[in-house]
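A.B. asks: Would you mind keeping the following structure in view while I ask a few things?
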Amino acid sequence: MAEKPRVAIFDFTGCEGCELNQLNFEDQLLDILAHVDIVEWREAMDDRAAEYDIAFVEGSLSTPDCITRINDIRRRTKVLVALGACAVQGGINGMKNTQAIEEVREEVYGEDKYLFPTLPALALHEVVKVDYNVRGCPMTQIEFLKLFTSLVMGKQPIEPDHAVCVDCKLKENECVYERGMICLGPVTRAGCDAQCPSVGQYCTGCRGLVTNPNLSGMEEILVEHGLSVDEAWKRLELYNANDLEGAR
Amino acid sequence: MVQFYLDAERLPAFVAHLMAQKTVIAPHAKGQKSFTFETVAEPDQVVLDYPRVMQSIRKFFLPPKEELLTFDLTENSYETTEVEPIDAIFLGVHSYDVAAVGRLDYNFSVGSPEKNYLTRRQGAVFVGVSFVPDSYHFSGSVNIRPEDPTGCDIFLTKLFEGYVLEVHTPTGEELIKGFDMPAHDAGRPATGHFQQHIYVPQTRLSEIMEQSYDNDVWAETAEQCVGCGTCNLVCPTCYCFNVDEAVDVTVTKGHRERHWDGCMLRKFSEVAGGEVFRESLAGRQRHRIFRKFKYISDTTGQPWCVGCGRCTAACPAHISIVGIVNRLISDHAQAVVAPI
Ligand code: SF4
Ligand code: SF4
Ligand code: SF4
Ligand code: SF4
Ligand code: SF4
């Protein structure tokens with residue numbers, strides 16, 4: 001390897017859970033740092049750089065200022081990676097898009113709403129080209145490490161595109177439907193090693209939808225297990241409102 | 001053939017007798033209503049009365065994930081990961097799961113033999129147990145009866161509060177040495193009726209499948225199917241896998257791993273360049289069913305479905321393999337009676 005890639009890390013609208021998550025890589029952080037130069041990272045350092053090889057970006061875009069900043073980042077970076085559900089598919093923030101934007105502003109800022117311009121919460125790919133995604137809420141650590149090593153080695157990373165059910169079957173988990181729960185695993189993108197069903201919880205869909213999901217089939221499954229059509233779509237929209245716009 | 005009577009109360013003692021000779025792998029309860037094969041630690045935890053285990057014993061011979069080799073990027077070298085025979089007694093296996101191992105043996109030995117599977121397969125001893133068909137089993141339709149001992153060294157048939165124990169091989173004889181049981185000479189009972197049936201035998205299914213390529217059932221099923229792959233991943237005769245490589249975070253070493261894959265998954269048919277040649281769920285469902293009743297069956301004369309009912313029982317959309325096959329049969333019969 002010639003020069004170490006210059007890496008920058010940015011956050012937009014989100015809880016910063018994804019970035020903090022990176023700081024939790026206690027065992028791996030030194031190894032990671034050995035392979036890259038971190039040139040910009042608000043949460044952990046003050047330096048600012050002009051150009052980067054890889055920009056990791058967390059959070060969704062929800063103000064006009066966000067749009068300006070993300071365009072600026074895109075111009076300065078060779079590779080742009082979206083980190084976490086908010087950045088990848090809009091995530092929880094996307095829920096606000098299912099309501100009228102004026103009501104949302106009023107609800108959050110009250111009388112001061114005119115001081116805070118707001119937009120529908122957008123996933124990064126809705127504004128700029130995103131090269132790779134690390135999914136999950138918070139982002140899945142193992143996936144971050146895999147992507148990271150692929151980028152350092154100059155290899156094409158593999159993004160999983162099968163249902164969480166697959167990983168459940170590989171681990172021989174008892175399906176939570178057997179316990180009377182309702183699970184979005186059949187249309188949710190794997191890569192988390194079926195984290196929630198493995199501890200007896202249902203999947204809420206935080207890693208986004210598989211490619212070409214059969215949504216009416218999934219609706220049928222949810223309705224059959226006792227949800228109304230409206231509740232079924234609300235469940236699906238929890239993390240995926242942006243991708244589901246107009247799908248109902 | 002010698003028959004004995006094994007009282008259910010003596011089952012833990014029998015398990016302990018086997019454990020004194022080899023590792024014993026048997027069904028255990030898991031979760032709220034499920035069952036799984038595990039290495040026995042406590043003889044009284046073994047459950048012989050169960051409808052089906054979530055994953056068949058295939059998982060021991062073809063693990064869900066397995067490391068094939070490790071490599072070192074600094075030295076540019078690699079080392080193949082060694083595989084050992086599974087020298088264990090599989091206790092409490094149902095006839096269809098033993099039959100499924102036979103199908104896998106064929107798949108991994110014909111053509112280019114696959115070393116890892118075949119190595120693991122050496123040394124396995126089977127103690128089968130009969131089952132009472134539930135609303136999903138249909139193995140009778142593919143010639144596998146609940147009390148069929150084929151492939152077993154010892155077979156247990158449920159009889160009242162115990163089992164008729166039959167010894168089928170010299171290995172089986174060795175296993176029971178030193179464990180006293182009363183002889184039994186009243187034969188074995190048949191263990192119940194199937195509630196599910198495929199209406200015609202395999203000899204006719206190949207031809208019916210041949211005529212069913214454009215049947216509407218594929219598109220109709222695709223409306224409910226969510227493409228989750230569960231039906232492939234729980235099937236005891238599915239053997240597809242994918243191979244991946246992972247490098248650890250030091251970027252100096254890594255490993256190559258293979259893991260189960262399935263034809264209902266979209267990426268399964270993705271080729272270089274990102275093209276997916278079996279994009280529709282209808283096409284994928286047809287492929288799955290043809291894999292069970294046509295493609296390999298045309299060569300071997302055997303259905304590659306053993307009638308365990310897992311794919312139907314575990315499908316979140318309740319898609320029934322028996323339902324699909326019978327629909328093809330009846331559509332074919334009608335087409336024969338009244339050609340358009
Ligand atoms: S994806 Fe989840 S953890 Fe990450 S910033 Fe958004 S809300 Fe927080
Ligand atoms: S628990 Fe959820 S993800 Fe797991 S198999 Fe069941 S539906 Fe699929
Ligand atoms: S199981 Fe579902 S909700 Fe849980 S981490 Fe995985 S994708 Fe997210
Ligand atoms: S288990 Fe059911 S829903 Fe899932 S891929 Fe198979 S047929 Fe489709
Ligand atoms: S196709 Fe279904 S019923 Fe047949 S062996 Fe496979 S899982 Fe069992």
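Residue numbering restarts at 1 in every chain; chains get A, B, ... in the order shown in the structure tokens, and ligands count up from 1 in that same order.
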List as a tab-separated table every residue of chain B that is in contact with chain A, defined as an atom at most 8 Å from one of its atoms (using only C-alpha atoms), together with the nearest atom pair and the distance in Å rounded to one decimal, sorted by chain and then rising number.

C.D. replies:
residue	atom	partner	partner_atom	distance
B:Lys30	CA	A:Glu174	CA	7.3
B:Gly31	CA	A:Glu174	CA	6.0
B:Gln32	CA	A:Arg179	CA	6.8
B:Lys33	CA	A:Glu178	CA	7.3
B:Ser34	CA	A:Glu174	CA	6.4
B:Thr36	CA	A:Glu172	CA	7.9
B:Met54	CA	A:Glu172	CA	6.6
B:Gln55	CA	A:Glu172	CA	6.6
B:Pro64	CA	A:Leu170	CA	5.3
B:Lys65	CA	A:Leu170	CA	7.6
B:Glu223	CA	A:Gly217	CA	6.1
B:Gln224	CA	A:Gly217	CA	4.4
B:Cys225	CA	A:Gly217	CA	6.2
B:Val226	CA	A:Asn214	CA	5.2
B:Gly227	CA	A:Pro186	CA	7.5
B:Cys228	CA	A:Pro186	CA	5.1
B:Gly229	CA	A:Val166	CA	6.3
B:Thr230	CA	A:Val166	CA	6.3
B:Leu233	CA	A:Lys169	CA	6.2
B:Val234	CA	A:Lys169	CA	6.9
B:Ala246	CA	A:Lys146	CA	7.1
B:Val247	CA	A:Thr149	CA	6.6
B:Asp248	CA	A:Thr149	CA	7.1
B:Val249	CA	A:Thr149	CA	6.0
B:Thr250	CA	A:Asp31	CA	5.6
B:Val251	CA	A:Thr149	CA	6.4
B:Trp260	CA	A:Leu170	CA	7.4
B:Leu265	CA	A:His162	CA	6.4
B:Arg266	CA	A:His162	CA	7.3
B:Lys267	CA	A:Asp161	CA	6.7
B:Pro316	CA	A:Ile221	CA	6.8
B:Ala317	CA	A:Ile221	CA	6.1

A.B. asks: Go ahead and save the picked residues with C-alpha atoms, as a PDB file, in the first residue's frame.

C.D. replies:
ATOM      1  CA  LYS B  30     -35.472 -25.328  21.963  1.00  0.00           C
ATOM      2  CA  GLY B  31     -37.449 -22.110  22.491  1.00  0.00           C
ATOM      3  CA  GLN B  32     -41.150 -22.389  23.180  1.00  0.00           C
ATOM      4  CA  LYS B  33     -42.223 -25.039  20.679  1.00  0.00           C
ATOM      5  CA  SER B  34     -39.227 -26.075  18.651  1.00  0.00           C
ATOM      6  CA  THR B  36     -33.059 -29.119  17.560  1.00  0.00           C
ATOM      7  CA  MET B  54     -35.879 -27.037  12.844  1.00  0.00           C
ATOM      8  CA  GLN B  55     -32.748 -28.109  10.973  1.00  0.00           C
ATOM      9  CA  PRO B  64     -24.360 -23.540   7.944  1.00  0.00           C
ATOM     10  CA  LYS B  65     -21.024 -21.716   7.909  1.00  0.00           C
ATOM     11  CA  GLU B 223     -48.101 -12.929  -5.015  1.00  0.00           C
ATOM     12  CA  GLN B 224     -47.766 -14.279  -1.468  1.00  0.00           C
ATOM     13  CA  CYS B 225     -44.126 -15.387  -1.476  1.00  0.00           C
ATOM     14  CA  VAL B 226     -41.775 -12.794   0.028  1.00  0.00           C
ATOM     15  CA  GLY B 227     -38.616 -14.473  -1.234  1.00  0.00           C
ATOM     16  CA  CYS B 228     -37.162 -14.936   2.230  1.00  0.00           C
ATOM     17  CA  GLY B 229     -35.378 -18.194   1.349  1.00  0.00           C
ATOM     18  CA  THR B 230     -36.638 -20.016   4.430  1.00  0.00           C
ATOM     19  CA  LEU B 233     -32.645 -23.090   4.206  1.00  0.00           C
ATOM     20  CA  VAL B 234     -34.742 -25.545   6.210  1.00  0.00           C
ATOM     21  CA  ALA B 246     -13.051 -11.938   4.840  1.00  0.00           C
ATOM     22  CA  VAL B 247      -9.907 -10.114   5.846  1.00  0.00           C
ATOM     23  CA  ASP B 248      -9.433  -9.158   9.447  1.00  0.00           C
ATOM     24  CA  VAL B 249      -8.892  -5.571  10.505  1.00  0.00           C
ATOM     25  CA  THR B 250      -5.087  -5.863  10.561  1.00  0.00           C
ATOM     26  CA  VAL B 251      -5.362  -6.385   6.770  1.00  0.00           C
ATOM     27  CA  TRP B 260     -25.709 -22.036   2.942  1.00  0.00           C
ATOM     28  CA  LEU B 265     -32.935 -15.603  -2.877  1.00  0.00           C
ATOM     29  CA  ARG B 266     -32.508 -12.891  -5.474  1.00  0.00           C
ATOM     30  CA  LYS B 267     -28.723 -12.682  -5.250  1.00  0.00           C
ATOM     31  CA  PRO B 316     -44.158 -17.125   6.687  1.00  0.00           C
ATOM     32  CA  ALA B 317     -46.572 -16.910   3.741  1.00  0.00           C
TER      33      ALA B 317
END

A.B. asks: Could you please write out, as a ChimeraX atom specification, every residue of stretch 88-316 of chain B that DSSP assigns to strand (DSSP E)?

C.D. replies: /B:88-93,125-129,154-159,162-167,241-247,253-260

A.B. asks: Report as a list in words which protein, DNA and RNA residues come within 8 Å of ligand 1, using only C-alpha atoms and all ligand atoms.

C.D. replies: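 Every residue with an atom at most 8 Å from ligand 1 is listed here: Thr13, Gly14, Cys15, Glu16, Gly17, Cys18, Glu19, Glu58, Gly59, Ser60, Leu83, Gly84, Ala85, Cys86, Ala87, Gly91, Ile92, Asn93, Arg135, Gly136, Cys137, Pro138, Met139 and Cys206 of chain A.
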
A.B. asks: What residues in stretch 119-169 of chain A get the DSSP label helix (DSSP H, G or I)? Please answer as a PyMOL selection string.

C.D. replies: chain A and resi 124-126+141-153+164-169

A.B. asks: Residues within 10 Å of stretch 204-209 of chain B, please, as an mmCIF file with all heavy atoms, in the first residue's frame. Count only C-alpha atoms; anything in the same chain fewer than 3 positions from it doesn't count.

C.D. replies:
data_model
loop_
_atom_site.group_PDB
_atom_site.id
_atom_site.type_symbol
_atom_site.label_atom_id
_atom_site.label_comp_id
_atom_site.auth_asym_id
_atom_site.auth_seq_id
_atom_site.Cartn_x
_atom_site.Cartn_y
_atom_site.Cartn_z
ATOM 1 N N ILE B 198 -49.262 -36.355 -1.762
ATOM 2 C CA ILE B 198 -49.112 -35.980 -3.167
ATOM 3 C C ILE B 198 -49.801 -37.107 -3.936
ATOM 4 O O ILE B 198 -49.577 -38.287 -3.650
ATOM 5 C CB ILE B 198 -47.622 -35.857 -3.546
ATOM 6 C CG1 ILE B 198 -47.052 -34.584 -2.910
ATOM 7 C CG2 ILE B 198 -47.445 -35.813 -5.066
ATOM 8 C CD1 ILE B 198 -45.580 -34.373 -3.163
ATOM 9 N N TYR B 199 -50.637 -36.741 -4.899
ATOM 10 C CA TYR B 199 -51.543 -37.738 -5.466
ATOM 11 C C TYR B 199 -50.929 -38.733 -6.443
ATOM 12 O O TYR B 199 -51.517 -39.756 -6.718
ATOM 13 C CB TYR B 199 -52.753 -37.050 -6.126
ATOM 14 C CG TYR B 199 -53.572 -36.269 -5.139
ATOM 15 C CD1 TYR B 199 -53.966 -34.960 -5.393
ATOM 16 C CD2 TYR B 199 -53.942 -36.837 -3.905
ATOM 17 C CE1 TYR B 199 -54.706 -34.239 -4.473
ATOM 18 C CE2 TYR B 199 -54.674 -36.119 -2.983
ATOM 19 C CZ TYR B 199 -55.057 -34.829 -3.262
ATOM 20 O OH TYR B 199 -55.773 -34.124 -2.357
ATOM 21 N N VAL B 200 -49.771 -38.430 -7.031
ATOM 22 C CA VAL B 200 -49.193 -39.398 -7.975
ATOM 23 C C VAL B 200 -47.751 -39.701 -7.596
ATOM 24 O O VAL B 200 -47.105 -38.900 -6.938
ATOM 25 C CB VAL B 200 -49.255 -38.892 -9.440
ATOM 26 C CG1 VAL B 200 -50.660 -38.480 -9.827
ATOM 27 C CG2 VAL B 200 -48.267 -37.767 -9.671
ATOM 28 N N PRO B 201 -47.226 -40.853 -8.008
ATOM 29 C CA PRO B 201 -45.837 -41.193 -7.692
ATOM 30 C C PRO B 201 -44.842 -40.445 -8.578
ATOM 31 O O PRO B 201 -45.213 -39.878 -9.609
ATOM 32 C CB PRO B 201 -45.772 -42.699 -7.960
ATOM 33 C CG PRO B 201 -46.846 -42.962 -8.956
ATOM 34 C CD PRO B 201 -47.924 -41.950 -8.704
ATOM 35 N N SER B 212 -45.565 -28.371 -17.023
ATOM 36 C CA SER B 212 -46.073 -27.346 -16.106
ATOM 37 C C SER B 212 -45.249 -26.068 -16.102
ATOM 38 O O SER B 212 -45.435 -25.208 -15.247
ATOM 39 C CB SER B 212 -46.109 -27.899 -14.678
ATOM 40 O OG SER B 212 -46.917 -29.043 -14.620
ATOM 41 N N TYR B 213 -44.347 -25.962 -17.049
ATOM 42 C CA TYR B 213 -43.440 -24.812 -17.035
ATOM 43 C C TYR B 213 -44.203 -23.490 -17.020
ATOM 44 O O TYR B 213 -43.845 -22.552 -16.332
ATOM 45 C CB TYR B 213 -42.508 -24.885 -18.247
ATOM 46 C CG TYR B 213 -41.282 -24.017 -18.100
ATOM 47 C CD1 TYR B 213 -40.167 -24.486 -17.408
ATOM 48 C CD2 TYR B 213 -41.248 -22.728 -18.645
ATOM 49 C CE1 TYR B 213 -39.041 -23.693 -17.259
ATOM 50 C CE2 TYR B 213 -40.129 -21.931 -18.498
ATOM 51 C CZ TYR B 213 -39.024 -22.418 -17.804
ATOM 52 O OH TYR B 213 -37.922 -21.627 -17.650
ATOM 53 N N ASP B 214 -45.303 -23.430 -17.771
ATOM 54 C CA ASP B 214 -46.051 -22.174 -17.876
ATOM 55 C C ASP B 214 -47.329 -22.156 -17.044
ATOM 56 O O ASP B 214 -48.208 -21.337 -17.254
ATOM 57 C CB ASP B 214 -46.404 -21.893 -19.342
ATOM 58 C CG ASP B 214 -45.154 -21.681 -20.174
ATOM 59 O OD1 ASP B 214 -44.220 -21.014 -19.660
ATOM 60 O OD2 ASP B 214 -45.081 -22.198 -21.309
ATOM 61 N N ASN B 215 -47.437 -23.060 -16.080
ATOM 62 C CA ASN B 215 -48.640 -23.087 -15.235
ATOM 63 C C ASN B 215 -48.818 -21.760 -14.480
ATOM 64 O O ASN B 215 -47.836 -21.128 -14.097
ATOM 65 C CB ASN B 215 -48.507 -24.246 -14.236
ATOM 66 C CG ASN B 215 -49.830 -24.573 -13.569
ATOM 67 O OD1 ASN B 215 -50.343 -23.795 -12.768
ATOM 68 N ND2 ASN B 215 -50.399 -25.723 -13.903
ATOM 69 N N ARG B 286 -40.630 -21.936 -9.286
ATOM 70 C CA ARG B 286 -40.641 -23.053 -10.228
ATOM 71 C C ARG B 286 -39.308 -23.796 -10.169
ATOM 72 O O ARG B 286 -39.265 -25.022 -10.131
ATOM 73 C CB ARG B 286 -40.891 -22.538 -11.655
ATOM 74 C CG ARG B 286 -40.797 -23.660 -12.707
ATOM 75 C CD ARG B 286 -41.113 -23.153 -14.096
ATOM 76 N NE ARG B 286 -40.259 -22.023 -14.433
ATOM 77 C CZ ARG B 286 -40.654 -20.964 -15.132
ATOM 78 N NH1 ARG B 286 -41.884 -20.886 -15.576
ATOM 79 N NH2 ARG B 286 -39.804 -19.976 -15.377
ATOM 80 N N ILE B 289 -39.188 -26.030 -7.023
ATOM 81 C CA ILE B 289 -40.019 -27.230 -7.115
ATOM 82 C C ILE B 289 -39.436 -28.224 -8.129
ATOM 83 O O ILE B 289 -39.413 -29.431 -7.902
ATOM 84 C CB ILE B 289 -41.484 -26.849 -7.486
ATOM 85 C CG1 ILE B 289 -42.068 -25.870 -6.460
ATOM 86 C CG2 ILE B 289 -42.364 -28.093 -7.625
ATOM 87 C CD1 ILE B 289 -42.232 -26.397 -5.050
ATOM 88 N N PHE B 290 -38.921 -27.684 -9.239
ATOM 89 C CA PHE B 290 -38.305 -28.573 -10.237
ATOM 90 C C PHE B 290 -37.044 -29.228 -9.681
ATOM 91 O O PHE B 290 -36.705 -30.349 -10.039
ATOM 92 C CB PHE B 290 -37.996 -27.799 -11.533
ATOM 93 C CG PHE B 290 -39.196 -27.636 -12.447
ATOM 94 C CD1 PHE B 290 -40.488 -27.717 -11.957
ATOM 95 C CD2 PHE B 290 -39.032 -27.394 -13.807
ATOM 96 C CE1 PHE B 290 -41.598 -27.568 -12.789
ATOM 97 C CE2 PHE B 290 -40.128 -27.243 -14.663
ATOM 98 C CZ PHE B 290 -41.413 -27.328 -14.145
ATOM 99 N N PHE B 293 -38.464 -32.203 -7.714
ATOM 100 C CA PHE B 293 -39.246 -33.268 -8.353
ATOM 101 C C PHE B 293 -38.899 -33.523 -9.820
ATOM 102 O O PHE B 293 -39.525 -34.354 -10.456
ATOM 103 C CB PHE B 293 -40.746 -32.969 -8.244
ATOM 104 C CG PHE B 293 -41.256 -32.990 -6.833
ATOM 105 C CD1 PHE B 293 -41.468 -31.803 -6.127
ATOM 106 C CD2 PHE B 293 -41.491 -34.201 -6.182
ATOM 107 C CE1 PHE B 293 -41.924 -31.826 -4.824
ATOM 108 C CE2 PHE B 293 -41.946 -34.229 -4.872
ATOM 109 C CZ PHE B 293 -42.169 -33.041 -4.188
ATOM 110 N N LYS B 294 -37.961 -32.766 -10.363
ATOM 111 C CA LYS B 294 -37.680 -32.996 -11.774
ATOM 112 C C LYS B 294 -36.196 -33.138 -12.110
ATOM 113 O O LYS B 294 -35.757 -34.206 -12.518
ATOM 114 C CB LYS B 294 -38.321 -31.885 -12.621
ATOM 115 C CG LYS B 294 -38.004 -32.039 -14.101
ATOM 116 C CD LYS B 294 -38.931 -31.291 -15.002
ATOM 117 C CE LYS B 294 -38.430 -31.375 -16.438
ATOM 118 N NZ LYS B 294 -38.255 -32.779 -16.876
ATOM 119 N N TYR B 295 -35.437 -32.050 -11.905
ATOM 120 C CA TYR B 295 -34.078 -32.054 -12.460
ATOM 121 C C TYR B 295 -33.233 -33.250 -12.006
ATOM 122 O O TYR B 295 -32.801 -34.051 -12.823
ATOM 123 C CB TYR B 295 -33.363 -30.737 -12.155
ATOM 124 C CG TYR B 295 -34.038 -29.518 -12.752
ATOM 125 C CD1 TYR B 295 -34.123 -28.336 -12.039
ATOM 126 C CD2 TYR B 295 -34.582 -29.559 -14.031
ATOM 127 C CE1 TYR B 295 -34.741 -27.206 -12.587
ATOM 128 C CE2 TYR B 295 -35.202 -28.442 -14.582
ATOM 129 C CZ TYR B 295 -35.283 -27.271 -13.857
ATOM 130 O OH TYR B 295 -35.888 -26.174 -14.383
ATOM 131 N N SER B 297 -34.275 -35.706 -10.183
ATOM 132 C CA SER B 297 -35.127 -36.888 -10.238
ATOM 133 C C SER B 297 -35.123 -37.541 -11.618
ATOM 134 O O SER B 297 -35.232 -38.762 -11.736
ATOM 135 C CB SER B 297 -36.556 -36.513 -9.838
ATOM 136 O OG SER B 297 -36.539 -35.770 -8.636
ATOM 137 N N ASP B 298 -34.996 -36.725 -12.666
ATOM 138 C CA ASP B 298 -34.940 -37.290 -14.019
ATOM 139 C C ASP B 298 -33.732 -38.223 -14.163
ATOM 140 O O ASP B 298 -33.784 -39.207 -14.881
ATOM 141 C CB ASP B 298 -34.854 -36.172 -15.078
ATOM 142 C CG ASP B 298 -36.210 -35.511 -15.318
ATOM 143 O OD1 ASP B 298 -37.215 -35.992 -14.732
ATOM 144 O OD2 ASP B 298 -36.269 -34.523 -16.077
ATOM 145 N N GLY B 301 -34.326 -41.040 -10.703
ATOM 146 C CA GLY B 301 -35.605 -41.725 -10.528
ATOM 147 C C GLY B 301 -36.228 -41.483 -9.154
ATOM 148 O O GLY B 301 -37.313 -41.991 -8.858
ATOM 149 N N PRO B 303 -37.553 -38.754 -6.062
ATOM 150 C CA PRO B 303 -37.846 -37.351 -5.753
ATOM 151 C C PRO B 303 -36.745 -36.816 -4.831
ATOM 152 O O PRO B 303 -36.217 -37.567 -4.014
ATOM 153 C CB PRO B 303 -39.188 -37.417 -5.023
ATOM 154 C CG PRO B 303 -39.295 -38.814 -4.520
ATOM 155 C CD PRO B 303 -38.496 -39.686 -5.443
ATOM 156 N N VAL B 325 -47.709 -28.923 -5.817
ATOM 157 C CA VAL B 325 -47.543 -30.130 -6.628
ATOM 158 C C VAL B 325 -48.911 -30.710 -7.009
ATOM 159 O O VAL B 325 -49.147 -31.068 -8.171
ATOM 160 C CB VAL B 325 -46.648 -31.169 -5.906
ATOM 161 C CG1 VAL B 325 -46.592 -32.482 -6.690
ATOM 162 C CG2 VAL B 325 -45.244 -30.616 -5.709
ATOM 163 N N LEU B 328 -50.438 -28.792 -9.788
ATOM 164 C CA LEU B 328 -49.861 -29.134 -11.097
ATOM 165 C C LEU B 328 -50.463 -30.441 -11.602
ATOM 166 O O LEU B 328 -50.776 -30.587 -12.788
ATOM 167 C CB LEU B 328 -48.339 -29.254 -11.011
ATOM 168 C CG LEU B 328 -47.575 -28.000 -10.592
ATOM 169 C CD1 LEU B 328 -46.079 -28.302 -10.495
ATOM 170 C CD2 LEU B 328 -47.826 -26.847 -11.559
ATOM 171 N N ILE B 329 -50.632 -31.392 -10.659
ATOM 172 C CA ILE B 329 -51.186 -32.697 -11.036
ATOM 173 C C ILE B 329 -52.614 -32.533 -11.559
ATOM 174 O O ILE B 329 -52.973 -33.054 -12.617
ATOM 175 C CB ILE B 329 -51.155 -33.667 -9.834
ATOM 176 C CG1 ILE B 329 -49.697 -33.984 -9.443
ATOM 177 C CG2 ILE B 329 -51.921 -34.964 -10.143
ATOM 178 C CD1 ILE B 329 -49.534 -34.687 -8.099
ATOM 179 N N SER B 330 -53.423 -31.757 -10.835
ATOM 180 C CA SER B 330 -54.825 -31.675 -11.258
ATOM 181 C C SER B 330 -54.960 -30.848 -12.535
ATOM 182 O O SER B 330 -55.748 -31.180 -13.416
ATOM 183 C CB SER B 330 -55.723 -31.160 -10.133
ATOM 184 O OG SER B 330 -55.499 -29.806 -9.923
ATOM 185 N N ASP B 331 -54.148 -29.788 -12.689
ATOM 186 C CA ASP B 331 -54.197 -29.021 -13.945
ATOM 187 C C ASP B 331 -53.784 -29.902 -15.119
ATOM 188 O O ASP B 331 -54.356 -29.823 -16.202
ATOM 189 C CB ASP B 331 -53.269 -27.802 -13.879
ATOM 190 C CG ASP B 331 -53.867 -26.684 -13.041
ATOM 191 O OD1 ASP B 331 -55.013 -26.852 -12.548
ATOM 192 O OD2 ASP B 331 -53.194 -25.654 -12.866
ATOM 193 N N HIS B 332 -52.809 -30.753 -14.870
ATOM 194 C CA HIS B 332 -52.332 -31.638 -15.930
ATOM 195 C C HIS B 332 -53.410 -32.647 -16.305
ATOM 196 O O HIS B 332 -53.676 -32.891 -17.481
ATOM 197 C CB HIS B 332 -51.049 -32.355 -15.478
ATOM 198 C CG HIS B 332 -50.467 -33.249 -16.524
ATOM 199 N ND1 HIS B 332 -50.647 -34.618 -16.500
ATOM 200 C CD2 HIS B 332 -49.723 -32.971 -17.611
ATOM 201 C CE1 HIS B 332 -50.025 -35.135 -17.544
ATOM 202 N NE2 HIS B 332 -49.456 -34.166 -18.236
ATOM 203 N N ALA B 333 -54.071 -33.200 -15.286
ATOM 204 C CA ALA B 333 -55.133 -34.185 -15.533
ATOM 205 C C ALA B 333 -56.245 -33.551 -16.365
ATOM 206 O O ALA B 333 -56.749 -34.150 -17.314
ATOM 207 C CB ALA B 333 -55.679 -34.708 -14.208
#

A.B. asks: Dump the neighbourhood of ligand 5 as a PyMOL selection string: all residues within 10 Å, distances computed on only C-alpha atoms and all ligand atoms.

C.D. replies: chain B and resi 55-56+96-97+99-100+136-139+142+230-238+288-289+291-293+303-315+320-322

A.B. asks: For stretch 67-76 of chain A, work out the shell of residues within 9 Å, counting only C-alpha atoms and skipping chain neighbours fewer than 3 positions away, then give it as number ranges by chain.

C.D. replies: A: 10, 12, 50-53, 55, 57, 61-64, 79-80, 124, 127-130

A.B. asks: Residues within 8 Å of ligand 3 should be enumerated using only C-alpha atoms and all ligand atoms and returned as a PyMOL selection string.

C.D. replies: chain A and resi 136-137+140+164+184-185+188-197+201-208

A.B. asks: Give me, please, the distance in Å between atom CA of A:Val7 and atom CA of A:Tyr132, quoted to one decimal.

C.D. replies: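 A separation of 14.4 Å between them.
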
A.B. asks: Could you tell me how far atom CA of A:Val81 sits from atom CA of A:Glu3, in Å to one decimal place?

C.D. replies: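 These atoms are spaced 20.0 Å apart.
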
A.B. asks: In terms of the shortest atom-to-atom distance over only C-alpha atoms and all ligand atoms, which of B:Thr221, B:Asn242, B:Gln202, B:Thr119 is closest to ligand 4?

C.D. replies: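 Between B:Thr221, B:Asn242, B:Gln202, B:Thr119, the residue approaching ligand 4 most closely is B:Thr221.
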
A.B. asks: Between B:Val53, B:Leu48, B:Val164, B:Val243, which is the closest to B:Pro149 once you count only C-alpha atoms?

C.D. replies: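 Closest residue, counting only C-alpha atoms: B:Val164.
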
A.B. asks: Compile the contact shell of stretch 78-88 of chain B as a list in words: residues with an atom at most 7 Å away, counting only C-alpha atoms, same-chain residues fewer than 5 positions apart removed.

C.D. replies: Lys22, Thr23, Val24, Ile25, Glu67, Leu68, Leu69, Thr70, Phe71, Asp72, Asn116, Thr119, Arg120, Arg121, Gln122, Gly123, Ala124 and Val125 of chain B

A.B. asks: Using only C-alpha atoms, which residue out of A:Leu151, A:Thr98, A:Pro157, A:Leu33 lies closest to A:Lys234?

C.D. replies: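 Closest to A:Lys234 of all the choices is A:Thr98.
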
A.B. asks: With distances taken over only C-alpha atoms and all ligand atoms, which of B:Asp261, B:Glu66, B:Asp105, B:Glu270 is nearest to ligand 4?

C.D. replies: B:Asp261
